[in-house]
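Working notes, beginning with the structure itself.
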Amino acid sequence: MTAGTKPDPFTRNEELTISHESFESFYRREFRDVVGLAYALSGSRLGAEDLAQEAFVAAHERWDRVGEYDKPGAWVRRVVANKAVSGFRRRAAEKRAMDRLAGQRRQPLPEMEPEDEEFWQMVRDLPKRQASAIALFYVEDLSVAEIAEVLECSPSTAKVHLFRGRRALGKKLGVEVSNES
Amino acid sequence: MSRDLDTRARQAAAGLKAVMEKAELTSTPPMAPTPKRGMFVAGLRPALVVGLLAIGSAVGVALMLDSTPAPPATTTTIAVTTTQAPVTTTVPAGPTTIFVAPVAPVTTTTVAPDLEPPDLVITSPENGAHFSEKTITFAGITEPGARVFAGKYEADVDSEGNWSIVLILSEGANKASFTARDEAGNESEASVTVFYDVETTTTTVNELAKFTAEATYGSCSLTPPYDVYHGTGEPGSLVTITSEYGSGSVEVGLEGGWEKQVFFETAPPNVTFVVTVIDEFGRQAQFEFVYLPT
């Protein structure tokens, strides 16, 4: 890895010699990033952390299997992406978060700058798979191949989602979009 | 111009990341220890470990005292959270050599029981919907890992919690009730009422193409077990195969033939059960199937 670059969120620490990373280590490494993804895709300051937590709880319950995956982070992000873009699940997470807030156990995430919030709202208005692809590309810095793993589709399909999402965003923003991605 | 979207998107991503860096996340790993009164959790708070008592046969309790000089009278009563009676320990007065053990990696793992019922929503059909078809696919979402039942019939649930099941309606109002059960045994219920309207101008059976159905095997030794059903029917109509352990449906081809492979993934071994094949006009046939693993 080049100094200064962000660690690949789906690649385990190569220094680890154990074949099965501990869940706690995985959680502490990935949780904040996954909350960010949930925030981008749900727009919910209240529910994002709960969405991410639910995904990690699901991973924990299956850790014998998920922990053996080459990229367990992809599995968690897939669950979060599915939950975050589902109105029902997002509202359910928000309700649970509200319940917790009533007990003063959790703070909502800080607000984003208005123009950033506006951008992510545009992303959320895209078709779900396109929104997920855009968030994974820009927030998680994933490659097309990695996005395909998260979305459980072929790289060419992921590329189409990304292309269409970027094209739609460019149209909404009134700008052209390069083909370099 | 081509940079604009990327620039804008990366700016928005940077804004999001900045927010996340400031965010005070309070979640803890699901398996994180939950500190309990009287139980020692490494790193919880500074403490001087002066002893370790074994209470009963299984409960290890580390006594935690502030590191202040001990009083001359050294009878200390320490309440611990167990079902045992309070423990009294007496330490002799005068100079005392206290063996301070290195803090051993005592790990207390407390997994909170999952008491939350799984989410269960019916996305299709809508409550109050009317149908002219007898067989309807009910679908919805539940928690990943949960199972969904319609009475004794189990719906297909994918890894993301999307579920579906084909049910046969009776004439008039039909209340379909579903139960989702998660791995911890928590249950949720949801129901929807739909109507099967029998058209007064329904095509008479005599005008329909002949309905036939056959089962190819009747038993299977492979896992998951399956059978292949085939026959004839009204072109373009739907034929549904249902059983307690698997179901499926197929459209009759333009030539009037149909074939459907149905997996019985949850079929118990060596138990014979009934498989019903029915078309949308109510014509049906029944077969027996048994899973005979080698």
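By order in the structure tokens, chains are A, B, ...; within a chain, residues start at 1; ligands start at 1, following the order shown.
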
Please identify all residues of chain B having at least one atom at most 9 Å from any atom of chain A, considering only C-alpha atoms, and return them as a short mmCIF file (atom, residue, chain, number, x, y, z; two decimals) with C-alpha atoms, in the first residue's frame.
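Okay, selection_2.cif is ready:
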```
data_model
loop_
_atom_site.label_atom_id
_atom_site.label_comp_id
_atom_site.auth_asym_id
_atom_site.auth_seq_id
_atom_site.Cartn_x
_atom_site.Cartn_y
_atom_site.Cartn_z
CA MET B 1 -16.48 20.75 -17.75
CA SER B 2 -15.93 17.04 -17.35
CA ARG B 3 -14.32 17.66 -13.97
CA ASP B 4 -17.35 19.36 -12.58
CA LEU B 5 -19.33 16.33 -11.54
CA ASP B 6 -16.34 14.58 -10.06
CA ARG B 8 -18.75 18.30 -6.94
CA ALA B 9 -19.15 14.67 -5.92
CA ARG B 10 -15.78 14.48 -4.21
CA GLN B 11 -16.52 17.71 -2.40
CA ALA B 12 -19.79 16.24 -1.15
CA ALA B 13 -17.99 13.03 -0.17
CA ALA B 14 -15.37 15.05 1.71
CA GLY B 15 -18.14 16.91 3.49
CA LEU B 16 -19.73 13.64 4.49
CA LYS B 17 -16.44 12.25 5.73
CA ALA B 18 -15.78 15.40 7.75
CA VAL B 19 -19.14 14.97 9.39
CA MET B 20 -18.39 11.34 10.12
CA GLU B 21 -15.07 12.24 11.73
CA LYS B 22 -16.94 14.52 14.12
CA ALA B 23 -19.75 12.09 14.76
CA GLU B 24 -19.98 10.64 18.22
CA LEU B 25 -20.88 7.06 17.54
CA THR B 26 -22.10 5.23 20.58
CA SER B 27 -22.64 1.77 19.17
CA THR B 28 -20.50 -1.02 20.47
CA PRO B 29 -19.66 -4.32 18.88
CA PRO B 30 -22.54 -6.75 19.40
CA MET B 31 -20.30 -9.06 21.37
CA ALA B 32 -18.75 -6.34 23.54
CA ASP B 119 -39.54 -6.58 10.91
CA VAL B 121 -43.93 -6.05 5.94
CA ILE B 141 -39.54 -7.95 3.42
CA PRO B 144 -32.30 -11.13 6.85
CA GLY B 145 -32.10 -14.56 8.39
CA GLU B 160 -31.60 -10.02 2.04
#
```

Considering only C-alpha atoms, return as a list in words whatever protein or nucleic-acid residues lie within 8 Å of Gly257 of chain B, sequence-local ones (same chain, fewer than 3 positions apart) excluded.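 Near neighbours after the sequence-gap exclusion: His230, Gly231, Thr232, Gly233, Pro235, Val252, Gly253 and Leu254 of chain B.
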
Written selection (C-alpha atoms) as a PDB file, in the first residue's frame:
```pdb
ATOM      1  CA  HIS B 230     -45.613 -31.334 -16.434  1.00  0.00           C
ATOM      2  CA  GLY B 231     -48.882 -31.515 -18.279  1.00  0.00           C
ATOM      3  CA  THR B 232     -51.282 -29.569 -20.413  1.00  0.00           C
ATOM      4  CA  GLY B 233     -53.600 -26.636 -19.797  1.00  0.00           C
ATOM      5  CA  PRO B 235     -52.464 -21.645 -23.131  1.00  0.00           C
ATOM      6  CA  VAL B 252     -48.820 -22.778 -19.884  1.00  0.00           C
ATOM      7  CA  GLY B 253     -47.141 -22.389 -23.242  1.00  0.00           C
ATOM      8  CA  LEU B 254     -48.896 -21.355 -26.420  1.00  0.00           C
TER       9      LEU B 254
END
```

By how many Å are atom CA of Ala81 of chain A and atom CA of Ala139 of chain B apart?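 About the pair atom CA of Ala81 of chain A and atom CA of Ala139 of chain B: they are 20.3 Å apart.
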
Between atom CA of Pro125 of chain B and atom CA of Ile168 of chain B, distance in Å (one decimal):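 Between atom CA of Pro125 of chain B and atom CA of Ile168 of chain B the gap is 13.3 Å.
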
Straight-line distance linking atom CA of Val250 of chain B with atom CA of Ser159 of chain B, stated in Å to one decimal: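 Separating atom CA of Val250 of chain B from atom CA of Ser159 of chain B is a distance of 23.7 Å.
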
Residues within 9 Å of Val228 of chain B, only C-alpha atoms, excluding chain neighbours under 2 positions, as a ChimeraX atom specification: /B:214-218,226,230,259-263

Output the selection as a PDB file, in the first residue's frame - N, CA and C atoms for each residue.
```
ATOM      1  N   GLU B 214     -48.715 -34.339 -14.368  1.00  0.00           N
ATOM      2  CA  GLU B 214     -48.004 -35.564 -13.999  1.00  0.00           C
ATOM      3  C   GLU B 214     -46.751 -35.209 -13.214  1.00  0.00           C
ATOM      4  N   ALA B 215     -46.411 -36.067 -12.286  1.00  0.00           N
ATOM      5  CA  ALA B 215     -45.152 -35.921 -11.554  1.00  0.00           C
ATOM      6  C   ALA B 215     -44.138 -36.871 -12.177  1.00  0.00           C
ATOM      7  N   THR B 216     -42.942 -36.388 -12.399  1.00  0.00           N
ATOM      8  CA  THR B 216     -41.949 -37.191 -13.095  1.00  0.00           C
ATOM      9  C   THR B 216     -41.333 -38.259 -12.195  1.00  0.00           C
ATOM     10  N   TYR B 217     -41.024 -37.888 -10.946  1.00  0.00           N
ATOM     11  CA  TYR B 217     -40.252 -38.807 -10.107  1.00  0.00           C
ATOM     12  C   TYR B 217     -41.033 -39.322  -8.886  1.00  0.00           C
ATOM     13  N   GLY B 218     -41.608 -38.449  -8.135  1.00  0.00           N
ATOM     14  CA  GLY B 218     -42.310 -38.874  -6.924  1.00  0.00           C
ATOM     15  C   GLY B 218     -41.403 -38.998  -5.717  1.00  0.00           C
ATOM     16  N   TYR B 226     -36.023 -32.491  -5.424  1.00  0.00           N
ATOM     17  CA  TYR B 226     -36.924 -31.803  -6.341  1.00  0.00           C
ATOM     18  C   TYR B 226     -37.722 -32.820  -7.139  1.00  0.00           C
ATOM     19  N   HIS B 230     -45.331 -31.764 -15.063  1.00  0.00           N
ATOM     20  CA  HIS B 230     -45.613 -31.334 -16.434  1.00  0.00           C
ATOM     21  C   HIS B 230     -47.025 -31.755 -16.796  1.00  0.00           C
ATOM     22  N   GLU B 259     -44.289 -27.288 -17.949  1.00  0.00           N
ATOM     23  CA  GLU B 259     -43.354 -28.122 -17.181  1.00  0.00           C
ATOM     24  C   GLU B 259     -42.719 -27.244 -16.128  1.00  0.00           C
ATOM     25  N   LYS B 260     -42.543 -27.747 -14.924  1.00  0.00           N
ATOM     26  CA  LYS B 260     -41.954 -26.951 -13.852  1.00  0.00           C
ATOM     27  C   LYS B 260     -41.161 -27.838 -12.896  1.00  0.00           C
ATOM     28  N   GLN B 261     -39.929 -27.450 -12.670  1.00  0.00           N
ATOM     29  CA  GLN B 261     -39.120 -28.136 -11.648  1.00  0.00           C
ATOM     30  C   GLN B 261     -39.342 -27.420 -10.320  1.00  0.00           C
ATOM     31  N   VAL B 262     -39.667 -28.172  -9.290  1.00  0.00           N
ATOM     32  CA  VAL B 262     -39.943 -27.576  -7.977  1.00  0.00           C
ATOM     33  C   VAL B 262     -39.000 -28.200  -6.946  1.00  0.00           C
ATOM     34  N   PHE B 263     -38.287 -27.342  -6.237  1.00  0.00           N
ATOM     35  CA  PHE B 263     -37.385 -27.807  -5.175  1.00  0.00           C
ATOM     36  C   PHE B 263     -38.119 -27.811  -3.839  1.00  0.00           C
TER      37      PHE B 263
END
```

Which residue out of B:Pro293, B:Pro224, B:Gly246, B:Pro268 has the minimum interatomic distance to Leu167 of chain B when only C-alpha atoms are used?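 Closest to Leu167 of chain B, using only C-alpha atoms: B:Gly246.
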
Residues at most 7 Å from segment 179-183 of chain B, counting only C-alpha atoms, excluding those fewer than 3 positions away in the same chain, as a list in words?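 Non-adjacent residues within range: Pro118, Leu120, Gly145, Ala146, Arg147, Val148, Phe149, Ala150, Asn186, Glu187, Ser188, Glu189 and Ala190 of chain B.
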
Deliver the residues from the most recent selection as a file, using C-alpha atoms, as a PDB file, in the first residue's frame.
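Here's the written file again-v5.pdb:
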```
ATOM      1  CA  PRO B 118     -38.118  -9.186  13.240  1.00  0.00           C
ATOM      2  CA  LEU B 120     -42.247  -7.978   8.715  1.00  0.00           C
ATOM      3  CA  GLY B 145     -32.096 -14.560   8.390  1.00  0.00           C
ATOM      4  CA  ALA B 146     -35.706 -14.646   9.550  1.00  0.00           C
ATOM      5  CA  ARG B 147     -38.184 -17.251   8.280  1.00  0.00           C
ATOM      6  CA  VAL B 148     -41.654 -16.376   7.140  1.00  0.00           C
ATOM      7  CA  PHE B 149     -44.665 -18.635   7.427  1.00  0.00           C
ATOM      8  CA  ALA B 150     -48.176 -18.519   6.073  1.00  0.00           C
ATOM      9  CA  ASN B 186     -38.843 -13.708  18.223  1.00  0.00           C
ATOM     10  CA  GLU B 187     -41.936 -13.441  16.083  1.00  0.00           C
ATOM     11  CA  SER B 188     -43.831 -10.739  14.242  1.00  0.00           C
ATOM     12  CA  GLU B 189     -47.146 -10.994  12.490  1.00  0.00           C
ATOM     13  CA  ALA B 190     -48.702  -9.168   9.584  1.00  0.00           C
TER      14      ALA B 190
END
```

Write out as a CSV table (one decimal) with N, CA and C atoms, in the first residue's frame which residues come within 10 Å of Ala267 of chain B when counting only C-alpha atoms, dropping same-chain ones fewer than 4 positions away.
```
chain,number,residue,atom,x,y,z
B,223,THR,N,-29.9,-33.6,-2.8
B,223,THR,CA,-30.1,-32.5,-1.9
B,223,THR,C,-29.8,-31.1,-2.7
B,224,PRO,N,-30.7,-30.2,-2.7
B,224,PRO,CA,-32.1,-30.3,-2.2
B,224,PRO,C,-32.9,-31.2,-3.2
B,225,PRO,N,-33.9,-31.8,-2.6
B,225,PRO,CA,-34.7,-32.7,-3.4
B,225,PRO,C,-35.7,-31.9,-4.3
B,226,TYR,N,-36.0,-32.5,-5.4
B,226,TYR,CA,-36.9,-31.8,-6.3
B,226,TYR,C,-37.7,-32.8,-7.1
B,243,SER,N,-46.9,-27.0,-2.0
B,243,SER,CA,-46.7,-28.1,-1.0
B,243,SER,C,-46.2,-27.4,0.3
B,244,GLU,N,-46.1,-28.2,1.3
B,244,GLU,CA,-45.6,-27.6,2.6
B,244,GLU,C,-44.2,-27.3,2.6
B,245,TYR,N,-43.4,-27.8,1.6
B,245,TYR,CA,-42.0,-27.7,1.7
B,245,TYR,C,-41.4,-27.0,0.4
B,246,GLY,N,-42.2,-26.5,-0.5
B,246,GLY,CA,-41.7,-25.9,-1.7
B,246,GLY,C,-42.9,-25.6,-2.6
B,263,PHE,N,-38.3,-27.3,-6.2
B,263,PHE,CA,-37.4,-27.8,-5.2
B,263,PHE,C,-38.1,-27.8,-3.8
B,271,VAL,N,-40.2,-38.5,4.7
B,271,VAL,CA,-41.6,-38.2,5.1
B,271,VAL,C,-42.3,-37.9,3.8
B,272,THR,N,-43.4,-38.6,3.6
B,272,THR,CA,-44.2,-38.4,2.4
B,272,THR,C,-45.2,-37.3,2.6
B,273,PHE,N,-45.2,-36.4,1.6
B,273,PHE,CA,-46.1,-35.2,1.7
B,273,PHE,C,-46.8,-35.0,0.4
B,289,PHE,N,-44.9,-37.0,-2.6
B,289,PHE,CA,-43.4,-36.9,-2.8
B,289,PHE,C,-42.7,-37.2,-1.5
B,290,VAL,N,-41.6,-37.9,-1.7
B,290,VAL,CA,-40.8,-38.2,-0.5
B,290,VAL,C,-39.3,-38.0,-0.8
B,291,TYR,N,-38.6,-37.4,0.1
B,291,TYR,CA,-37.2,-37.1,0.0
B,291,TYR,C,-36.4,-38.3,0.7
B,292,LEU,N,-35.6,-39.0,-0.1
B,292,LEU,CA,-35.0,-40.2,0.4
B,292,LEU,C,-33.5,-40.0,0.2
```

What's around Ala158 of chain A at 8 Å? Count only C-alpha atoms, leave out sequence neighbours fewer than 5 positions away in its own chain, and write the answer as JSON, numbers by chain. {"A": [133, 144, 145, 147, 148, 151, 153]}

Determine, counting only C-alpha atoms, which protein, DNA and RNA residues have an atom within 7 Å of an atom of Val239 of chain B; residues of the same chain fewer than 3 positions away are not included. Present the result as a PyMOL selection string. chain B and resi 249-252+277-280

Go ahead and save the residues from that selection, with C-alpha atoms, as a PDB file, in the first residue's frame.
```pdb
ATOM      1  CA  SER B 249     -45.681 -21.667 -10.744  1.00  0.00           C
ATOM      2  CA  VAL B 250     -45.415 -21.756 -14.493  1.00  0.00           C
ATOM      3  CA  GLU B 251     -47.315 -20.322 -17.423  1.00  0.00           C
ATOM      4  CA  VAL B 252     -48.820 -22.778 -19.884  1.00  0.00           C
ATOM      5  CA  VAL B 277     -50.990 -28.804  -8.814  1.00  0.00           C
ATOM      6  CA  ILE B 278     -53.740 -26.357  -9.685  1.00  0.00           C
ATOM      7  CA  ASP B 279     -54.493 -24.085 -12.580  1.00  0.00           C
ATOM      8  CA  GLU B 280     -56.152 -20.707 -12.344  1.00  0.00           C
TER       9      GLU B 280
END
```
